[in-house]
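Source file: target-v9.txt (compact mmCIF, N, CA and C atoms and all ligand atoms)
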# COMPACT_ATOMS: atom_id res chain seq x y z
N MET A 16 0.85 -1.21 0.00
CA MET A 16 0.00 0.00 0.00
C MET A 16 0.88 1.25 0.00
N MET A 17 1.78 1.36 0.94
CA MET A 17 2.64 2.54 0.99
C MET A 17 3.48 2.66 -0.28
N GLN A 18 3.89 1.51 -0.75
CA GLN A 18 4.71 1.51 -1.95
C GLN A 18 3.95 2.11 -3.13
N ALA A 19 2.71 1.72 -3.24
CA ALA A 19 1.88 2.21 -4.34
C ALA A 19 1.75 3.73 -4.25
N VAL A 20 1.64 4.23 -3.05
CA VAL A 20 1.50 5.68 -2.86
C VAL A 20 2.76 6.39 -3.36
N ARG A 21 3.91 5.84 -2.97
CA ARG A 21 5.16 6.51 -3.34
C ARG A 21 5.39 6.49 -4.84
N ARG A 22 4.96 5.42 -5.49
CA ARG A 22 5.29 5.30 -6.92
C ARG A 22 4.35 6.09 -7.81
N ARG A 23 3.29 6.61 -7.26
CA ARG A 23 2.45 7.57 -7.99
C ARG A 23 2.00 7.13 -9.37
N GLY A 24 1.47 5.97 -9.47
CA GLY A 24 0.86 5.59 -10.75
C GLY A 24 1.84 5.07 -11.78
N THR A 25 3.11 5.12 -11.48
CA THR A 25 4.08 4.59 -12.43
C THR A 25 3.80 3.10 -12.65
N GLY A 26 3.47 2.43 -11.57
CA GLY A 26 3.20 1.00 -11.65
C GLY A 26 2.09 0.69 -12.62
N ILE A 27 1.02 1.44 -12.56
CA ILE A 27 -0.10 1.17 -13.46
C ILE A 27 0.28 1.49 -14.90
N GLU A 28 1.04 2.55 -15.11
CA GLU A 28 1.47 2.86 -16.49
C GLU A 28 2.28 1.71 -17.07
N LEU A 29 3.18 1.21 -16.27
CA LEU A 29 4.00 0.09 -16.75
C LEU A 29 3.14 -1.14 -17.01
N ALA A 30 2.18 -1.37 -16.14
CA ALA A 30 1.30 -2.53 -16.29
C ALA A 30 0.49 -2.41 -17.58
N VAL A 31 0.01 -1.21 -17.86
CA VAL A 31 -0.78 -1.01 -19.09
C VAL A 31 0.10 -1.22 -20.32
N ARG A 32 1.32 -0.67 -20.26
CA ARG A 32 2.24 -0.87 -21.39
C ARG A 32 2.51 -2.35 -21.63
N LYS A 33 2.68 -3.07 -20.54
CA LYS A 33 2.98 -4.50 -20.66
C LYS A 33 1.82 -5.23 -21.33
N ILE A 34 0.61 -4.88 -20.94
CA ILE A 34 -0.56 -5.54 -21.53
C ILE A 34 -0.66 -5.21 -23.02
N VAL A 35 -0.49 -3.93 -23.36
CA VAL A 35 -0.60 -3.52 -24.76
C VAL A 35 0.45 -4.23 -25.60
N ARG A 36 1.66 -4.32 -25.05
CA ARG A 36 2.74 -5.00 -25.75
C ARG A 36 2.40 -6.48 -25.95
N SER A 37 1.82 -7.07 -24.91
CA SER A 37 1.50 -8.49 -25.00
C SER A 37 0.37 -8.74 -25.99
N LEU A 38 -0.39 -7.71 -26.31
CA LEU A 38 -1.43 -7.85 -27.33
C LEU A 38 -0.84 -7.67 -28.73
N GLY A 39 0.46 -7.42 -28.76
CA GLY A 39 1.15 -7.33 -30.05
C GLY A 39 1.04 -5.97 -30.71
N LEU A 40 0.77 -4.95 -29.91
CA LEU A 40 0.62 -3.62 -30.49
C LEU A 40 1.79 -2.72 -30.14
N ARG A 41 2.11 -1.87 -31.09
CA ARG A 41 3.18 -0.91 -30.86
C ARG A 41 2.59 0.42 -30.44
N TYR A 42 3.40 1.17 -29.72
CA TYR A 42 2.89 2.45 -29.23
C TYR A 42 4.06 3.35 -28.91
N ARG A 43 3.76 4.60 -28.72
CA ARG A 43 4.76 5.52 -28.21
C ARG A 43 4.30 6.06 -26.87
N VAL A 44 5.26 6.33 -26.02
CA VAL A 44 4.96 6.84 -24.69
C VAL A 44 5.06 8.36 -24.73
N ASN A 45 4.03 9.02 -24.26
CA ASN A 45 3.99 10.48 -24.19
C ASN A 45 4.45 11.17 -25.49
N PRO A 46 3.83 10.81 -26.62
CA PRO A 46 4.28 11.41 -27.87
C PRO A 46 4.02 12.92 -27.89
N ARG A 47 5.04 13.65 -28.22
CA ARG A 47 4.83 15.10 -28.38
C ARG A 47 4.13 15.33 -29.70
N GLY A 48 3.51 16.48 -29.82
CA GLY A 48 2.84 16.76 -31.07
C GLY A 48 1.41 16.24 -31.10
N LEU A 49 1.02 15.56 -30.06
CA LEU A 49 -0.39 15.17 -29.94
C LEU A 49 -0.99 15.98 -28.78
N PRO A 50 -2.24 16.39 -28.94
CA PRO A 50 -2.86 17.15 -27.86
C PRO A 50 -2.83 16.36 -26.55
N GLY A 51 -2.43 16.99 -25.49
CA GLY A 51 -2.50 16.35 -24.18
C GLY A 51 -1.45 15.29 -23.91
N THR A 52 -0.51 15.09 -24.84
CA THR A 52 0.49 14.03 -24.71
C THR A 52 -0.01 12.81 -23.91
N PRO A 53 -0.82 11.98 -24.58
CA PRO A 53 -1.37 10.81 -23.90
C PRO A 53 -0.26 9.89 -23.40
N ASP A 54 -0.58 9.04 -22.43
CA ASP A 54 0.43 8.16 -21.86
C ASP A 54 0.92 7.14 -22.88
N LEU A 55 0.00 6.66 -23.69
CA LEU A 55 0.34 5.70 -24.75
C LEU A 55 -0.43 6.09 -25.99
N SER A 56 0.22 6.00 -27.14
CA SER A 56 -0.52 6.30 -28.36
C SER A 56 0.12 5.65 -29.56
N ASN A 57 -0.72 5.37 -30.54
CA ASN A 57 -0.23 4.93 -31.84
C ASN A 57 -0.95 5.76 -32.87
N GLN A 58 -0.19 6.63 -33.54
CA GLN A 58 -0.83 7.59 -34.43
C GLN A 58 -1.43 6.91 -35.64
N ARG A 59 -0.75 5.88 -36.14
CA ARG A 59 -1.30 5.22 -37.31
C ARG A 59 -2.57 4.45 -36.95
N GLY A 60 -2.56 3.87 -35.76
CA GLY A 60 -3.75 3.15 -35.30
C GLY A 60 -4.84 4.08 -34.79
N CYS A 61 -4.51 5.36 -34.70
CA CYS A 61 -5.49 6.36 -34.25
C CYS A 61 -6.05 6.06 -32.87
N TRP A 62 -5.20 5.63 -31.97
CA TRP A 62 -5.70 5.46 -30.62
C TRP A 62 -4.76 6.11 -29.62
N ALA A 63 -5.33 6.45 -28.50
CA ALA A 63 -4.55 7.07 -27.42
C ALA A 63 -5.12 6.60 -26.10
N ILE A 64 -4.23 6.37 -25.15
CA ILE A 64 -4.65 5.91 -23.83
C ILE A 64 -4.10 6.84 -22.77
N PHE A 65 -4.98 7.25 -21.87
CA PHE A 65 -4.55 7.98 -20.70
C PHE A 65 -4.63 7.06 -19.49
N VAL A 66 -3.61 7.10 -18.67
CA VAL A 66 -3.62 6.32 -17.44
C VAL A 66 -3.73 7.32 -16.29
N HIS A 67 -4.79 7.19 -15.54
CA HIS A 67 -5.08 8.20 -14.52
C HIS A 67 -5.07 7.64 -13.11
N GLY A 68 -4.44 8.38 -12.23
CA GLY A 68 -4.54 8.07 -10.80
C GLY A 68 -5.93 8.41 -10.32
N CYS A 69 -6.52 7.53 -9.53
CA CYS A 69 -7.91 7.70 -9.12
C CYS A 69 -8.12 8.96 -8.29
N PHE A 70 -7.18 9.27 -7.46
CA PHE A 70 -7.36 10.45 -6.61
C PHE A 70 -7.23 11.74 -7.40
N TRP A 71 -6.12 11.92 -8.07
CA TRP A 71 -5.84 13.19 -8.76
C TRP A 71 -6.80 13.48 -9.89
N HIS A 72 -7.31 12.43 -10.48
CA HIS A 72 -8.20 12.65 -11.62
C HIS A 72 -9.65 12.38 -11.27
N GLY A 73 -9.89 12.16 -9.99
CA GLY A 73 -11.26 12.08 -9.51
C GLY A 73 -12.08 10.96 -10.11
N HIS A 74 -11.57 9.75 -10.04
CA HIS A 74 -12.34 8.61 -10.55
C HIS A 74 -13.66 8.53 -9.79
N PRO A 75 -14.79 8.71 -10.49
CA PRO A 75 -16.08 8.80 -9.78
C PRO A 75 -16.33 7.60 -8.86
N ASN A 76 -16.06 6.39 -9.35
CA ASN A 76 -16.29 5.21 -8.52
C ASN A 76 -15.52 5.28 -7.21
N CYS A 77 -14.26 5.61 -7.32
CA CYS A 77 -13.40 5.59 -6.14
C CYS A 77 -13.74 6.71 -5.19
N ILE A 78 -14.07 7.86 -5.73
CA ILE A 78 -14.41 8.99 -4.86
C ILE A 78 -15.69 8.66 -4.10
N LYS A 79 -16.62 8.02 -4.81
CA LYS A 79 -17.90 7.75 -4.20
C LYS A 79 -17.82 6.66 -3.13
N THR A 80 -17.14 5.59 -3.50
CA THR A 80 -17.11 4.47 -2.57
C THR A 80 -15.93 4.55 -1.60
N ARG A 81 -15.04 5.50 -1.88
CA ARG A 81 -13.84 5.68 -1.05
C ARG A 81 -13.05 4.38 -0.93
N SER A 82 -13.08 3.62 -2.00
CA SER A 82 -12.42 2.32 -1.91
C SER A 82 -11.11 2.27 -2.70
N GLY A 83 -10.90 3.26 -3.53
CA GLY A 83 -9.74 3.21 -4.41
C GLY A 83 -8.45 3.50 -3.69
N PRO A 84 -7.36 3.25 -4.40
CA PRO A 84 -6.03 3.46 -3.79
C PRO A 84 -5.86 4.88 -3.25
N HIS A 85 -6.30 5.85 -4.05
CA HIS A 85 -6.18 7.24 -3.62
C HIS A 85 -7.55 7.90 -3.65
N GLY A 86 -8.55 7.11 -3.48
CA GLY A 86 -9.89 7.61 -3.74
C GLY A 86 -10.44 8.59 -2.73
N LYS A 87 -9.85 8.61 -1.58
CA LYS A 87 -10.48 9.34 -0.49
C LYS A 87 -9.98 10.79 -0.44
N ILE A 88 -10.89 11.71 -0.49
CA ILE A 88 -10.49 13.11 -0.37
C ILE A 88 -10.21 13.42 1.11
N PRO A 89 -9.03 14.00 1.38
CA PRO A 89 -8.72 14.32 2.78
C PRO A 89 -9.79 15.21 3.39
N VAL A 90 -10.11 14.96 4.63
CA VAL A 90 -11.19 15.71 5.27
C VAL A 90 -10.82 17.17 5.44
N SER A 91 -9.56 17.43 5.88
CA SER A 91 -9.16 18.82 6.00
C SER A 91 -8.90 19.39 4.62
N ASN A 92 -9.23 20.66 4.43
CA ASN A 92 -9.03 21.30 3.12
C ASN A 92 -9.77 20.62 1.99
N SER A 93 -10.90 20.03 2.27
CA SER A 93 -11.54 19.27 1.20
C SER A 93 -11.95 20.16 0.02
N ASP A 94 -12.23 21.45 0.29
CA ASP A 94 -12.54 22.37 -0.83
C ASP A 94 -11.36 22.50 -1.77
N PHE A 95 -10.20 22.64 -1.18
CA PHE A 95 -8.98 22.77 -1.96
C PHE A 95 -8.79 21.57 -2.87
N TRP A 96 -8.92 20.38 -2.28
CA TRP A 96 -8.72 19.16 -3.07
C TRP A 96 -9.80 19.02 -4.13
N THR A 97 -11.03 19.31 -3.73
CA THR A 97 -12.12 19.16 -4.69
C THR A 97 -11.89 20.05 -5.90
N LYS A 98 -11.47 21.29 -5.65
CA LYS A 98 -11.22 22.22 -6.77
C LYS A 98 -10.08 21.73 -7.64
N LYS A 99 -9.05 21.28 -6.99
CA LYS A 99 -7.88 20.81 -7.72
C LYS A 99 -8.25 19.62 -8.61
N ILE A 100 -8.99 18.69 -8.03
CA ILE A 100 -9.39 17.50 -8.78
C ILE A 100 -10.34 17.87 -9.92
N GLU A 101 -11.24 18.81 -9.63
CA GLU A 101 -12.15 19.24 -10.70
C GLU A 101 -11.38 19.87 -11.85
N GLY A 102 -10.36 20.65 -11.51
CA GLY A 102 -9.52 21.25 -12.55
C GLY A 102 -8.85 20.19 -13.40
N ASN A 103 -8.33 19.16 -12.76
CA ASN A 103 -7.71 18.06 -13.50
C ASN A 103 -8.71 17.39 -14.42
N ARG A 104 -9.90 17.14 -13.88
CA ARG A 104 -10.92 16.47 -14.67
C ARG A 104 -11.29 17.29 -15.91
N ARG A 105 -11.37 18.60 -15.70
CA ARG A 105 -11.71 19.46 -16.83
C ARG A 105 -10.62 19.39 -17.89
N ARG A 106 -9.39 19.48 -17.44
CA ARG A 106 -8.26 19.39 -18.38
C ARG A 106 -8.26 18.03 -19.09
N ASP A 107 -8.54 16.98 -18.35
CA ASP A 107 -8.57 15.64 -18.96
C ASP A 107 -9.58 15.57 -20.09
N SER A 108 -10.75 16.16 -19.86
CA SER A 108 -11.77 16.03 -20.91
C SER A 108 -11.45 16.93 -22.10
N VAL A 109 -10.79 18.06 -21.85
CA VAL A 109 -10.35 18.91 -22.96
C VAL A 109 -9.34 18.16 -23.83
N LYS A 110 -8.40 17.49 -23.18
CA LYS A 110 -7.38 16.72 -23.91
C LYS A 110 -8.03 15.62 -24.74
N ALA A 111 -8.92 14.87 -24.10
CA ALA A 111 -9.55 13.74 -24.79
C ALA A 111 -10.35 14.24 -25.99
N ASN A 112 -11.06 15.36 -25.80
CA ASN A 112 -11.85 15.88 -26.92
C ASN A 112 -10.98 16.37 -28.06
N ALA A 113 -9.85 16.98 -27.72
CA ALA A 113 -8.94 17.45 -28.77
C ALA A 113 -8.43 16.28 -29.60
N LEU A 114 -8.16 15.17 -28.93
CA LEU A 114 -7.71 13.99 -29.66
C LEU A 114 -8.83 13.40 -30.52
N ARG A 115 -10.03 13.38 -29.96
CA ARG A 115 -11.16 12.83 -30.73
C ARG A 115 -11.40 13.65 -31.98
N GLN A 116 -11.19 14.96 -31.85
CA GLN A 116 -11.38 15.80 -33.03
C GLN A 116 -10.37 15.49 -34.11
N LYS A 117 -9.22 14.96 -33.70
CA LYS A 117 -8.22 14.56 -34.69
C LYS A 117 -8.50 13.15 -35.21
N GLY A 118 -9.59 12.56 -34.77
CA GLY A 118 -9.95 11.23 -35.26
C GLY A 118 -9.42 10.08 -34.42
N PHE A 119 -8.92 10.41 -33.24
CA PHE A 119 -8.40 9.36 -32.37
C PHE A 119 -9.52 8.76 -31.52
N ARG A 120 -9.35 7.47 -31.23
CA ARG A 120 -10.17 6.86 -30.20
C ARG A 120 -9.40 6.98 -28.90
N VAL A 121 -10.10 7.33 -27.85
CA VAL A 121 -9.41 7.64 -26.59
C VAL A 121 -9.96 6.75 -25.48
N LEU A 122 -9.04 6.14 -24.73
CA LEU A 122 -9.44 5.30 -23.61
C LEU A 122 -8.75 5.80 -22.34
N THR A 123 -9.50 5.84 -21.27
CA THR A 123 -8.91 6.19 -19.98
C THR A 123 -8.83 4.93 -19.13
N VAL A 124 -7.65 4.64 -18.64
CA VAL A 124 -7.47 3.52 -17.72
C VAL A 124 -7.25 4.09 -16.33
N TRP A 125 -7.98 3.55 -15.37
CA TRP A 125 -7.86 4.04 -13.99
C TRP A 125 -6.94 3.14 -13.19
N GLU A 126 -6.24 3.80 -12.31
CA GLU A 126 -5.31 3.13 -11.40
C GLU A 126 -5.89 1.89 -10.72
N CYS A 127 -7.15 1.99 -10.30
CA CYS A 127 -7.74 0.88 -9.54
C CYS A 127 -8.00 -0.34 -10.43
N GLU A 128 -8.02 -0.13 -11.75
CA GLU A 128 -8.36 -1.24 -12.64
C GLU A 128 -7.30 -2.32 -12.66
N ILE A 129 -6.09 -1.97 -12.26
CA ILE A 129 -5.01 -2.93 -12.29
C ILE A 129 -5.24 -4.04 -11.27
N ARG A 130 -6.12 -3.78 -10.32
CA ARG A 130 -6.41 -4.82 -9.35
C ARG A 130 -7.14 -6.00 -9.99
N GLN A 131 -7.74 -5.73 -11.15
CA GLN A 131 -8.37 -6.82 -11.90
C GLN A 131 -7.75 -6.88 -13.27
N GLU A 132 -6.54 -7.41 -13.30
CA GLU A 132 -5.74 -7.33 -14.52
C GLU A 132 -6.41 -8.02 -15.70
N GLN A 133 -7.10 -9.12 -15.43
CA GLN A 133 -7.75 -9.85 -16.51
C GLN A 133 -8.83 -9.00 -17.18
N ALA A 134 -9.60 -8.34 -16.36
CA ALA A 134 -10.67 -7.48 -16.89
C ALA A 134 -10.08 -6.30 -17.66
N LEU A 135 -9.00 -5.75 -17.12
CA LEU A 135 -8.34 -4.63 -17.80
C LEU A 135 -7.80 -5.07 -19.15
N ARG A 136 -7.22 -6.24 -19.15
CA ARG A 136 -6.67 -6.79 -20.39
C ARG A 136 -7.75 -6.92 -21.46
N GLN A 137 -8.91 -7.40 -21.03
CA GLN A 137 -10.02 -7.55 -21.97
C GLN A 137 -10.50 -6.20 -22.49
N ARG A 138 -10.55 -5.23 -21.58
CA ARG A 138 -11.00 -3.91 -21.98
C ARG A 138 -10.02 -3.29 -22.99
N LEU A 139 -8.74 -3.46 -22.73
CA LEU A 139 -7.73 -2.93 -23.65
C LEU A 139 -7.80 -3.65 -24.99
N ALA A 140 -7.96 -4.97 -24.95
CA ALA A 140 -8.01 -5.74 -26.19
C ALA A 140 -9.20 -5.28 -27.04
N LYS A 141 -10.32 -5.06 -26.39
CA LYS A 141 -11.52 -4.64 -27.11
C LYS A 141 -11.30 -3.26 -27.74
N PHE A 142 -10.72 -2.38 -26.95
CA PHE A 142 -10.48 -1.02 -27.42
C PHE A 142 -9.50 -1.02 -28.59
N LEU A 143 -8.46 -1.83 -28.50
CA LEU A 143 -7.39 -1.77 -29.49
C LEU A 143 -7.69 -2.58 -30.75
N ARG A 144 -8.67 -3.47 -30.66
CA ARG A 144 -8.96 -4.32 -31.80
C ARG A 144 -9.54 -3.53 -32.97
N CYS A 145 -10.32 -2.50 -32.67
CA CYS A 145 -10.89 -1.68 -33.75
C CYS A 145 -9.75 -0.98 -34.47
N ASP A 146 -9.95 -0.69 -35.73
CA ASP A 146 -8.90 0.07 -36.38
C ASP A 146 -9.44 1.34 -36.98
N CYS A 147 -8.50 2.11 -37.50
CA CYS A 147 -8.79 3.43 -38.02
C CYS A 147 -9.88 3.45 -39.07
N ASP A 148 -9.92 2.40 -39.87
CA ASP A 148 -10.83 2.40 -41.01
C ASP A 148 -12.25 2.01 -40.64
N ALA A 149 -12.44 1.71 -39.38
CA ALA A 149 -13.80 1.37 -38.95
C ALA A 149 -14.72 2.55 -39.25
N PRO A 150 -15.93 2.24 -39.72
CA PRO A 150 -16.86 3.34 -39.98
C PRO A 150 -17.17 4.11 -38.71
N GLU A 151 -17.43 5.36 -38.87
CA GLU A 151 -17.66 6.25 -37.72
C GLU A 151 -18.67 5.66 -36.74
N SER A 152 -19.73 5.06 -37.31
CA SER A 152 -20.80 4.57 -36.43
C SER A 152 -20.32 3.51 -35.47
N SER A 153 -19.39 2.64 -35.93
CA SER A 153 -18.95 1.59 -35.03
C SER A 153 -17.94 2.10 -34.02
N ARG A 154 -17.42 3.27 -34.27
CA ARG A 154 -16.48 3.85 -33.32
C ARG A 154 -17.19 4.52 -32.17
N MET A 155 -18.44 4.86 -32.41
CA MET A 155 -19.14 5.65 -31.40
C MET A 155 -19.31 4.89 -30.09
N GLY A 156 -19.26 3.55 -30.19
CA GLY A 156 -19.46 2.75 -29.00
C GLY A 156 -18.38 2.90 -27.94
N GLU A 157 -17.22 3.36 -28.32
CA GLU A 157 -16.13 3.48 -27.36
C GLU A 157 -16.32 4.72 -26.51
N ARG A 158 -16.52 4.51 -25.27
CA ARG A 158 -16.65 5.67 -24.37
C ARG A 158 -15.53 5.65 -23.35
N VAL A 159 -15.22 6.80 -22.86
CA VAL A 159 -14.19 6.87 -21.83
C VAL A 159 -14.81 6.46 -20.51
ZN ZN A 201 -10.50 4.19 -9.32

Show this structure as structure tokens.
Amino acid sequence: MMQAVRRRGTGIELAVRKIVRSLGLRYRVNPRGLPGTPDLSNQRGCWAIFVHGCFWHGHPNCIKTRSGPHGKIPVSNSDFWTKKIEGNRRRDSVKANALRQKGFRVLTVWECEIRQEQALRQRLAKFLRCDCDAPESSRMGERV
């Protein structure tokens, strides 16, 4: 638990990269020149993945149930934290929308999802299986 706190989501980023690699897909880490520099992206495949810490990016499930690794908002200064997290969330959605406007499919992976690696793997596989040439209508199903 303490270790996870100190590593600040690096662990989940590495875990996601490992899964994507094991699915046989290539990607770049934090590619410049793309809006929001997603954590993982493949420009030719038109996909981008953001890996978010549950606390800093306000994962609704974790905030609500207070069950996530960083899900709990500290009681003192809760206004401060709430504002900060809301700001992050706003920025996250601006980034994702900018990428979608460029024709990218965007997936957000949450820190807590690594606790169920098999489910995460399936979600990534489903997201990555579609390709750029898919008709717009079939792309609409992918939601963040
Ligand atoms: Zn979470």

Return as JSON lines the residues of chain A lying at most 7 Å from ligand ZN 201 (chain A), together with the closest atom-to-atom pair for each and the distance in Å to one decimal, counting only C-alpha atoms and all ligand atoms, with rows in chain order and ascending residue number.
{"residue": "A:Cys69", "atom": "CA", "partner": "A:ZN201", "partner_atom": "ZN", "distance": 4.4}
{"residue": "A:His74", "atom": "CA", "partner": "A:ZN201", "partner_atom": "ZN", "distance": 4.9}
{"residue": "A:Asn76", "atom": "CA", "partner": "A:ZN201", "partner_atom": "ZN", "distance": 5.9}
{"residue": "A:Cys77", "atom": "CA", "partner": "A:ZN201", "partner_atom": "ZN", "distance": 4.5}
{"residue": "A:Gly83", "atom": "CA", "partner": "A:ZN201", "partner_atom": "ZN", "distance": 5.1}
{"residue": "A:Gly86", "atom": "CA", "partner": "A:ZN201", "partner_atom": "ZN", "distance": 6.6}
{"residue": "A:Trp125", "atom": "CA", "partner": "A:ZN201", "partner_atom": "ZN", "distance": 5.4}
{"residue": "A:Glu126", "atom": "CA", "partner": "A:ZN201", "partner_atom": "ZN", "distance": 5.7}
{"residue": "A:Cys127", "atom": "CA", "partner": "A:ZN201", "partner_atom": "ZN", "distance": 4.3}
{"residue": "A:Glu128", "atom": "CA", "partner": "A:ZN201", "partner_atom": "ZN", "distance": 6.7}

Please report as JSON lines every residue of stretch 19-81 of chain A lying within 7 Å of stretch 87-107 of chain A, along with the nearest atom pair and their distance in Å (one decimal), using only C-alpha atoms.
{"residue": "A:Phe70", "atom": "CA", "partner": "A:Lys87", "partner_atom": "CA", "distance": 7.0}
{"residue": "A:Trp71", "atom": "CA", "partner": "A:Ile100", "partner_atom": "CA", "distance": 5.6}
{"residue": "A:His72", "atom": "CA", "partner": "A:Arg104", "partner_atom": "CA", "distance": 5.6}
{"residue": "A:Gly73", "atom": "CA", "partner": "A:Ile100", "partner_atom": "CA", "distance": 5.8}
{"residue": "A:Ile78", "atom": "CA", "partner": "A:Lys87", "partner_atom": "CA", "distance": 5.9}
{"residue": "A:Arg81", "atom": "CA", "partner": "A:Lys87", "partner_atom": "CA", "distance": 5.0}

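Using all atoms listed in the file, the nearest neighbour of A:Pro50 within the list A:Lys141, A:Leu122, A:Ala134, A:Val109 is A:Val109.
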
Margin query: Using DSSP assignments from the backbone, pull out every residue in stretch 37-149 of chain A that falls under helix (DSSP H, G or I) and give it to me as a VMD selection string.
Written below: chain A and resid 37 75 to 80 93 to 116 126 to 144

Margin query: What's the separation between atom N of A:Ala111 and atom CA of A:Cys61, in Å to one decimal place?
Written below: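 About the pair atom N of A:Ala111 and atom CA of A:Cys61: they are 13.7 Å apart.
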
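Straight-line separation from atom CA of A:Glu132 to atom CA of A:Arg115: 26.4 Å.
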
Note to self: If I take atom CA of A:Pro75 and atom CA of A:Val44, how far is one from the other in Å, to one decimal?
What the structure shows: 25.9 Å

Next item on the list: Identify which of the residues A:Asn57, A:Leu49, A:Leu29, A:Leu135 lies closest to A:Asn112, counting only C-alpha atoms when measuring atom-to-atom distances.
Entry: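 Of A:Asn57, A:Leu49, A:Leu29, A:Leu135, the one nearest A:Asn112, counting only C-alpha atoms, is A:Leu49.
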
Using all atoms listed in the file, list the residues that have an atom at most 6 Å from (-5.8, 6.6, -32.2), coordinates as in the file, as a PDB file with N, CA and C atoms, in the coordinates of the input.
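The result, stored in part_7.pdb:
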ATOM      1  N   ASN A  57      -0.720   5.370 -30.540  1.00  0.00           N
ATOM      2  CA  ASN A  57      -0.230   4.930 -31.840  1.00  0.00           C
ATOM      3  C   ASN A  57      -0.950   5.760 -32.870  1.00  0.00           C
ATOM      4  N   GLN A  58      -0.190   6.630 -33.540  1.00  0.00           N
ATOM      5  CA  GLN A  58      -0.830   7.590 -34.430  1.00  0.00           C
ATOM      6  C   GLN A  58      -1.430   6.910 -35.640  1.00  0.00           C
ATOM      7  N   GLY A  60      -2.560   3.870 -35.760  1.00  0.00           N
ATOM      8  CA  GLY A  60      -3.750   3.150 -35.300  1.00  0.00           C
ATOM      9  C   GLY A  60      -4.840   4.080 -34.790  1.00  0.00           C
ATOM     10  N   CYS A  61      -4.510   5.360 -34.700  1.00  0.00           N
ATOM     11  CA  CYS A  61      -5.490   6.360 -34.250  1.00  0.00           C
ATOM     12  C   CYS A  61      -6.050   6.060 -32.870  1.00  0.00           C
ATOM     13  N   TRP A  62      -5.200   5.630 -31.970  1.00  0.00           N
ATOM     14  CA  TRP A  62      -5.700   5.460 -30.620  1.00  0.00           C
ATOM     15  C   TRP A  62      -4.760   6.110 -29.620  1.00  0.00           C
ATOM     16  N   ALA A  63      -5.330   6.450 -28.500  1.00  0.00           N
ATOM     17  CA  ALA A  63      -4.550   7.070 -27.420  1.00  0.00           C
ATOM     18  C   ALA A  63      -5.120   6.600 -26.100  1.00  0.00           C
ATOM     19  N   GLY A 118      -9.590  12.560 -34.770  1.00  0.00           N
ATOM     20  CA  GLY A 118      -9.950  11.230 -35.260  1.00  0.00           C
ATOM     21  C   GLY A 118      -9.420  10.080 -34.420  1.00  0.00           C
ATOM     22  N   PHE A 119      -8.920  10.410 -33.240  1.00  0.00           N
ATOM     23  CA  PHE A 119      -8.400   9.360 -32.370  1.00  0.00           C
ATOM     24  C   PHE A 119      -9.520   8.760 -31.520  1.00  0.00           C
ATOM     25  N   ARG A 120      -9.350   7.470 -31.230  1.00  0.00           N
ATOM     26  CA  ARG A 120     -10.170   6.860 -30.200  1.00  0.00           C
ATOM     27  C   ARG A 120      -9.400   6.980 -28.900  1.00  0.00           C
TER      28      ARG A 120
END

Next item on the list: Could you tell me, as a list in words, which residues of stretch 44-127 of chain A DSSP assigns to strand (DSSP E or B) when given the backbone?
Entry: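 Put together, the selection reads Val44, Leu55, Ser56, Asn57, Trp62, Ala63, Ile64, Phe65, Val66, His67, Arg120, Val121, Leu122, Thr123, Val124 and Trp125 of chain A.
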